[in-house]
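Participant: Structure provided below as structure tokens; questions to follow.
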Amino acid sequence: MAGAVKRYSGLMDWLTTVDHKKIGILYLISAGIFFLFGGVEALLIRLQLFFPEQNLFGENTAEIFNQLITMHGTTMIFFAAMPLIFALMNAIVPLQIGARDVAFPYVNALSFWLFLFGGVLLNTSYLLGGAPDAGWTAYAALSTKAYSGSGVDFYVLGLQIAGLGTLIGGINFLVTIINMRAPGMTFMRMPLFTWASFVTSALVLFAFPAITVALVLLMFDRLFNAQFFEVAGGGNVVLWEHIFWIFGHPEVYILILPAFGIISEVLSTFSHKRLFGYGTMVFATALIGFLGFMVWVHHMFTVGLGPIANAIFAIATMLIAVPTGIKIFNWLLTMWGGHIRFTAASLYAIGFIPTFVIGGMTGIMLTLPPADFQFQDSYFVVAHFHYTIVGGLIFGMFSGMYYWWPKMFGRMLNETMGKISFWFFFVGFHMTFFIQHWLGLDGMPRRVYTYLAGQGFEKGNFISTIGAMLMGVSIIVMMINIIVTQMKKADAPADPWDGRTLEWAISSPAPEYNFAQLPRVRGLDALWIEKMAGNKGMIPAEPLAEIHMPSPSIMPFVKALGLFIAGYGFMFNGNTKATSLPVVGFVFEHYILAAAGVAVFLFGMFLRSVYDDQGFHIPIEEIHVDQEENA
Amino acid sequence: MASHSNESHAVDYKKAKSKHSAKLHYLTFSLSMILTVISFYIVGNIIDPAREYAITSWTFGLPFITLLAIVQALFQLIFWMHMNEKGHLFPAMGIALGGFIAFTAVIATVYWLGW
């Protein structure tokens, strides 16, 4: 029996928590805030393009526009989409496999804090000399010191810190899914969202080292005068494109696969049917994950790697359409003949299918190198990837949010407001981006801050901006919905949707230990099997006993804070503005601040290594009290 | 009594097994040393980068010591990190997949497409 462990409350509870459900909520809140940042940036971009030849931000409009598009892309991909995925993975995966927590709860908290501090570091660039302005891809030459502002330093360091968190998060979920499944939960009985999370985590494990290498090289170029990307010094700029896209292409599958998983769960639940073709869905998910690593050159067709390279990577890319097509047909056949309920969650899932098919189709068009030479760097590309990322990932995430909100917060989101929000989003989305296909085909280049009147771009841009505003309205309705819902009593039933998987077998929100007794899983859709057998809930696989829990710790927060401080230390060391500061100037002269930050991190690692934390136990009486409350 | 003899059999088996594995450890360790000495010898004797066909030339020497490095890495993984024992399916799959992806990326970027 371990000694008494302090259990915090209030703010300290959130700072020290290692509970996967609370970390999921933290991820969701921070993802939401970054999503709003990215959304405001998007609206500003669209407002600048509302009419031809505008200068919305004064004489520096072009520079500010470059910062806005860079920050919009970076924020949305790394600090809104990724944490949204990790939010739902954290909140749901352990419940779906019948586990009490993730494999490494402490490391899980570290993942979150590293991500958050990385994101905060990146966004402080607005206040400290301008945001990064080299595009979210930060192509070298443009992102080297000669051609870009100090903002790119924030990009390089912020993404390294956040990427570290993502990488260890991916490892954590791999270990969790391999090792912590409940008795009877074989791999081929795992819900599809868990499968998607598994494959996504593997992709994170293999893809993030590539971006880390790229960022480290760029950091050395920018901060320590190395010459990896300096052509004059024997460096090579195409190297960046290769490494970036070796990461970047798997990254888009990291984003979309969890959405595929959510859509599978939601369509199956709201069609009142078992998922059609479960085995092929699993196979397709794994295959997409694997092929995702073999196609990065399709982002570089116009670099000039030659017809053979382009042809091979074009064909490899077209291959991905096969497993994706399998998925689309499986979803359609899941709904076929089902008893479909149109809730906000299922509307997003059903809206996802045609939207994503359009995005996939333009993807095939972009795969053809001769055509790609025409589409390259035009609004056609912008339309394509917004169809896959917003129409794919964001539709999937919103669907998952409405679906699992009661499980995460114990409250049901208002359905009417949810549906209003959906229709605004759906119409607004297609208005914004469908027209951009034609803008691109007519020759409007992306990443250019304005356009001339009389070239036929006015109407398209006008419609597009109106659509973006509708999406803004949708998000406002959704926020009102969330605020109103959170002010109500937490009274959601355990199983509001007549669910099929394990997370609906326990109360909403789940108790701290998830399962009082680990469930025995007898097949795919574990809870549904018990429902059909006339059982009230899951059959326990173990007697009721004390539950061993990990103890909370402030150290993940402190460690991430250490790297955050070190980031500023590295960026501003030797910076004339920083060294001339009255009191703290000297710490920017000899890497003192950087060393201090790194020291905090290393000290945290040292403490973690020598201090043997035994955790604590939840007594049986407490479990009984919980069960009576929920009965 | 039966259970007792079973137990002692198990202990004997374990002992024999660990003896066998210790032998392999010594063997691979000394082989690794020899391979290291060979690599050092080759690197130490590469004087003329233009020299061809000799074991100490760049054209042969560089790929050859890379091969020796791979062999050593395999020794380390298989015998010292216990990949030859049961229950390592996922690490093995992970290493194989990661190796394959890294190999594709490096070969394609460096040797085929050029950077």
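Chain labels A, B, ... are given in the sequence in which chains occur in the structure tokens; within each chain residues are numbered consecutively from 1, and ligands are likewise numbered from 1 in the order shown.
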From range 206-297 of chain A, collect each residue whose DSSP state is alpha helix (DSSP H) and return the set as a ChimeraX atom specification.
Facilitator: /A:206-224,237-270,278-291
Participant: Which residues, written as a compact mmCIF listing (two decimals) with N, CA and C atoms, in the first residue's frame, have at least one atom at most 10 Å from Gly585 in chain A, with only C-alpha atoms counted and residues fewer than 3 positions away on the same chain left out?
Facilitator:
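To be explicit, this is the file written out as part-v6.txt:
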```
# COMPACT_ATOMS: atom_id res chain seq x y z
N ASN A 573 19.51 35.23 -27.73
CA ASN A 573 20.89 35.36 -27.29
C ASN A 573 21.66 36.20 -28.32
N GLY A 574 22.33 37.23 -27.82
CA GLY A 574 23.11 38.08 -28.71
C GLY A 574 22.28 39.10 -29.46
N ASN A 575 20.96 39.02 -29.33
CA ASN A 575 20.08 39.99 -29.97
C ASN A 575 20.32 41.36 -29.32
N THR A 576 20.59 42.37 -30.15
CA THR A 576 21.00 43.66 -29.58
C THR A 576 19.91 44.26 -28.71
N LYS A 577 18.66 44.09 -29.10
CA LYS A 577 17.56 44.62 -28.28
C LYS A 577 17.53 43.95 -26.93
N ALA A 578 17.74 42.62 -26.93
CA ALA A 578 17.64 41.87 -25.68
C ALA A 578 18.83 42.16 -24.77
N THR A 579 20.04 42.24 -25.36
CA THR A 579 21.21 42.44 -24.50
C THR A 579 21.28 43.85 -23.94
N SER A 580 20.54 44.79 -24.55
CA SER A 580 20.59 46.14 -24.03
C SER A 580 19.51 46.40 -22.99
N LEU A 581 18.74 45.37 -22.65
CA LEU A 581 17.72 45.53 -21.61
C LEU A 581 18.40 45.89 -20.29
N PRO A 582 17.76 46.74 -19.46
CA PRO A 582 18.46 47.25 -18.28
C PRO A 582 18.89 46.17 -17.27
N PHE A 588 21.20 37.45 -21.73
CA PHE A 588 21.09 37.17 -23.16
C PHE A 588 22.46 37.22 -23.85
N GLU A 589 23.51 37.39 -23.05
CA GLU A 589 24.82 37.51 -23.68
C GLU A 589 25.55 36.19 -23.81
```
Participant: Would you list the contacts of Ser474 in chain A as a ChimeraX atom specification, taking every protein, DNA or RNA residue within 6 Å and counting only C-alpha atoms, but skipping same-chain residues closer than 3 positions in sequence?
Facilitator: /A:421,424-425,471,477
Participant: Would you mind exporting the chosen residues as a short mmCIF file (atom, residue, chain, number, x, y, z; two decimals), in the first residue's frame, restricted to N, CA and C atoms?
Facilitator:
```cif
data_model
loop_
_atom_site.label_atom_id
_atom_site.label_comp_id
_atom_site.auth_asym_id
_atom_site.auth_seq_id
_atom_site.Cartn_x
_atom_site.Cartn_y
_atom_site.Cartn_z
N SER A 421 -25.61 25.13 -36.44
CA SER A 421 -24.18 25.33 -36.62
C SER A 421 -23.67 24.49 -37.79
N PHE A 424 -24.75 26.06 -41.23
CA PHE A 424 -23.93 27.24 -41.52
C PHE A 424 -22.54 26.81 -41.98
N PHE A 425 -21.98 25.83 -41.26
CA PHE A 425 -20.61 25.40 -41.56
C PHE A 425 -20.56 24.74 -42.93
N MET A 471 -18.99 30.46 -42.12
CA MET A 471 -18.30 29.52 -41.24
C MET A 471 -18.04 30.17 -39.88
N VAL A 477 -22.11 30.15 -33.19
CA VAL A 477 -23.25 29.37 -32.68
C VAL A 477 -22.74 28.20 -31.84
#
```
Participant: Enumerate, in order of chain and increasing residue number, the residues of chain A with an atom no farther than 12 Å from chain B, each with its shortest atom pair and distance in Å to one decimal, counting only C-alpha atoms, as a tab-separated table.
Facilitator:
```
residue	atom	partner	partner_atom	distance
A:Ile171	CA	B:Gly94	CA	11.1
A:Leu174	CA	B:Phe90	CA	9.8
A:Val175	CA	B:Phe90	CA	9.6
A:Ile177	CA	B:Phe90	CA	11.5
A:Ile178	CA	B:Phe90	CA	8.3
A:Asn179	CA	B:Phe90	CA	10.5
A:Val199	CA	B:Gly94	CA	11.7
A:Ser201	CA	B:Gly94	CA	11.7
A:Ala202	CA	B:Gly94	CA	8.3
A:Leu203	CA	B:Gly98	CA	9.8
A:Val204	CA	B:Gly98	CA	11.3
A:Leu205	CA	B:Gly98	CA	8.6
A:Phe206	CA	B:Gly98	CA	6.2
A:Ala207	CA	B:Ile101	CA	9.2
A:Phe208	CA	B:Gly98	CA	11.8
A:Pro209	CA	B:Ala102	CA	10.1
A:Ala210	CA	B:Ala102	CA	9.1
A:Phe228	CA	B:Trp115	CA	11.5
A:Phe229	CA	B:Trp115	CA	11.0
A:Val231	CA	B:Trp115	CA	11.7
A:Gly234	CA	B:Trp115	CA	11.6
A:Gly235	CA	B:Trp115	CA	9.6
A:Asn236	CA	B:Trp115	CA	6.7
A:Val237	CA	B:Trp115	CA	8.1
A:Val238	CA	B:Trp115	CA	5.7
A:Leu239	CA	B:Trp115	CA	5.4
A:Trp240	CA	B:Trp115	CA	9.1
A:Glu241	CA	B:Trp115	CA	9.3
A:His242	CA	B:Thr109	CA	6.8
A:Ile243	CA	B:Ala105	CA	8.4
A:Phe244	CA	B:Ala105	CA	11.4
A:Trp245	CA	B:Ala105	CA	10.3
A:Ile246	CA	B:Ala105	CA	7.1
A:Phe247	CA	B:Ala105	CA	10.2
A:Pro250	CA	B:Ile101	CA	11.1
A:Gly289	CA	B:Leu97	CA	11.4
A:Phe290	CA	B:Leu97	CA	8.9
A:Leu291	CA	B:Ile101	CA	10.2
A:Gly292	CA	B:Ile101	CA	10.3
A:Phe293	CA	B:Ile101	CA	6.8
A:Met294	CA	B:Thr104	CA	7.9
A:Val295	CA	B:Ala105	CA	10.2
A:Trp296	CA	B:Ala105	CA	9.2
A:Val297	CA	B:Thr109	CA	9.7
A:Met300	CA	B:Leu113	CA	11.3
A:Phe301	CA	B:Leu113	CA	11.9
A:Val303	CA	B:Trp115	CA	10.6
A:Gly304	CA	B:Leu113	CA	9.7
A:Leu305	CA	B:Leu113	CA	6.2
A:Gly306	CA	B:Leu113	CA	8.4
A:Pro307	CA	B:Leu113	CA	11.1
A:Ile308	CA	B:Leu113	CA	9.9
A:Ala309	CA	B:Leu113	CA	7.4
A:Asn310	CA	B:Leu113	CA	10.3
A:Ile312	CA	B:Ala108	CA	11.6
A:Phe313	CA	B:Ala108	CA	11.1
```
Participant: I want to know what sits within 12 Å of Asp377 in chain A, based on only C-alpha atoms, with residues of the same chain fewer than 6 positions away left out; could you give that as JSON, numbers by chain?
Facilitator: {"A": [299, 300, 301, 302, 366, 383, 384, 439, 440, 441, 443, 444, 445, 446, 447, 448]}
Participant: Taking C-alpha atoms for each residue, export the selection above as a PDB file, in the first residue's frame.
Facilitator:
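Final output, saved to part.pdb:
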```pdb
ATOM      1  CA  HIS A 299       4.480  17.763 -53.497  1.00  0.00           C
ATOM      2  CA  MET A 300       7.629  18.421 -55.545  1.00  0.00           C
ATOM      3  CA  PHE A 301       6.629  17.592 -59.137  1.00  0.00           C
ATOM      4  CA  THR A 302       7.668  21.027 -60.364  1.00  0.00           C
ATOM      5  CA  LEU A 366      -3.177  16.905 -58.767  1.00  0.00           C
ATOM      6  CA  ALA A 383      -9.267  24.425 -52.568  1.00  0.00           C
ATOM      7  CA  HIS A 384      -8.007  20.816 -52.661  1.00  0.00           C
ATOM      8  CA  LEU A 439     -10.190  30.813 -59.194  1.00  0.00           C
ATOM      9  CA  GLY A 440      -7.206  28.481 -59.408  1.00  0.00           C
ATOM     10  CA  LEU A 441      -8.015  27.213 -62.881  1.00  0.00           C
ATOM     11  CA  GLY A 443      -4.889  31.478 -62.785  1.00  0.00           C
ATOM     12  CA  MET A 444      -5.149  33.142 -59.386  1.00  0.00           C
ATOM     13  CA  PRO A 445      -1.895  32.365 -57.547  1.00  0.00           C
ATOM     14  CA  ARG A 446      -1.947  31.361 -53.874  1.00  0.00           C
ATOM     15  CA  ARG A 447      -0.066  33.263 -51.167  1.00  0.00           C
ATOM     16  CA  VAL A 448      -0.294  36.592 -53.014  1.00  0.00           C
TER      17      VAL A 448
END
```
Participant: In Å, with one decimal, what is the gap from CA of Met318 in chain A to CA of Ile364 in chain A?
Facilitator: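 CA of Met318 in chain A sits 6.4 Å away from CA of Ile364 in chain A.
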Participant: Fewer than 2 positions away in the same chain doesn't count, so skip those; otherwise give me all residues within 9 Å of range 66-73 of chain B, counting only C-alpha atoms, as a ChimeraX atom specification.
Facilitator: /B:28,31-32,35-36,38-39,61-64,75-78
Participant: Emit the selected residues as a PDB file, in the first residue's frame, including N, CA and C atoms.
Facilitator:
```pdb
ATOM      1  N   THR B  28      29.629 -12.629 -29.720  1.00  0.00           N
ATOM      2  CA  THR B  28      29.291 -11.457 -30.522  1.00  0.00           C
ATOM      3  C   THR B  28      30.100 -10.244 -30.078  1.00  0.00           C
ATOM      4  N   LEU B  31      33.477 -10.615 -31.607  1.00  0.00           N
ATOM      5  CA  LEU B  31      33.361 -10.366 -33.048  1.00  0.00           C
ATOM      6  C   LEU B  31      33.227  -8.871 -33.345  1.00  0.00           C
ATOM      7  N   SER B  32      32.438  -8.202 -32.497  1.00  0.00           N
ATOM      8  CA  SER B  32      32.258  -6.764 -32.684  1.00  0.00           C
ATOM      9  C   SER B  32      33.588  -6.039 -32.558  1.00  0.00           C
ATOM     10  N   LEU B  35      35.525  -6.578 -35.683  1.00  0.00           N
ATOM     11  CA  LEU B  35      34.990  -5.761 -36.773  1.00  0.00           C
ATOM     12  C   LEU B  35      35.398  -4.296 -36.603  1.00  0.00           C
ATOM     13  N   THR B  36      35.405  -3.827 -35.352  1.00  0.00           N
ATOM     14  CA  THR B  36      35.795  -2.441 -35.104  1.00  0.00           C
ATOM     15  C   THR B  36      37.258  -2.220 -35.485  1.00  0.00           C
ATOM     16  N   ILE B  38      38.935  -3.881 -37.674  1.00  0.00           N
ATOM     17  CA  ILE B  38      39.036  -3.879 -39.143  1.00  0.00           C
ATOM     18  C   ILE B  38      38.647  -2.516 -39.703  1.00  0.00           C
ATOM     19  N   SER B  39      37.512  -1.946 -39.189  1.00  0.00           N
ATOM     20  CA  SER B  39      37.067  -0.655 -39.715  1.00  0.00           C
ATOM     21  C   SER B  39      38.120   0.408 -39.461  1.00  0.00           C
ATOM     22  N   GLY B  61      36.159   0.775 -49.583  1.00  0.00           N
ATOM     23  CA  GLY B  61      36.253   0.880 -48.126  1.00  0.00           C
ATOM     24  C   GLY B  61      35.012   1.467 -47.468  1.00  0.00           C
ATOM     25  N   LEU B  62      34.476   2.524 -48.064  1.00  0.00           N
ATOM     26  CA  LEU B  62      33.355   3.210 -47.415  1.00  0.00           C
ATOM     27  C   LEU B  62      32.115   2.318 -47.311  1.00  0.00           C
ATOM     28  N   PRO B  63      31.661   1.715 -48.436  1.00  0.00           N
ATOM     29  CA  PRO B  63      30.518   0.809 -48.301  1.00  0.00           C
ATOM     30  C   PRO B  63      30.840  -0.386 -47.401  1.00  0.00           C
ATOM     31  N   PHE B  64      32.097  -0.821 -47.419  1.00  0.00           N
ATOM     32  CA  PHE B  64      32.452  -2.001 -46.631  1.00  0.00           C
ATOM     33  C   PHE B  64      32.333  -1.729 -45.138  1.00  0.00           C
ATOM     34  N   PHE B  75      24.090  -7.384 -34.308  1.00  0.00           N
ATOM     35  CA  PHE B  75      24.578  -8.099 -33.117  1.00  0.00           C
ATOM     36  C   PHE B  75      23.989  -7.491 -31.862  1.00  0.00           C
ATOM     37  N   GLN B  76      24.108  -6.162 -31.796  1.00  0.00           N
ATOM     38  CA  GLN B  76      23.632  -5.448 -30.623  1.00  0.00           C
ATOM     39  C   GLN B  76      22.143  -5.702 -30.395  1.00  0.00           C
ATOM     40  N   LEU B  77      21.365  -5.561 -31.479  1.00  0.00           N
ATOM     41  CA  LEU B  77      19.914  -5.706 -31.359  1.00  0.00           C
ATOM     42  C   LEU B  77      19.534  -7.130 -31.007  1.00  0.00           C
ATOM     43  N   ILE B  78      20.108  -8.096 -31.731  1.00  0.00           N
ATOM     44  CA  ILE B  78      19.630  -9.471 -31.613  1.00  0.00           C
ATOM     45  C   ILE B  78      20.113 -10.112 -30.326  1.00  0.00           C
TER      46      ILE B  78
END
```
Participant: In Å, rounded to a single decimal, give me how far CA of Leu110 in chain A is from CA of Tyr126 in chain A.
Facilitator: 25.8 Å
Participant: Write out as number ranges by chain the residues lying within 9 Å of Thr137 in chain A, counting only C-alpha atoms and excluding same-chain residues fewer than 2 positions away.
Facilitator: A: 70, 73-74, 134-135, 139-140, 241, 244-245, 248
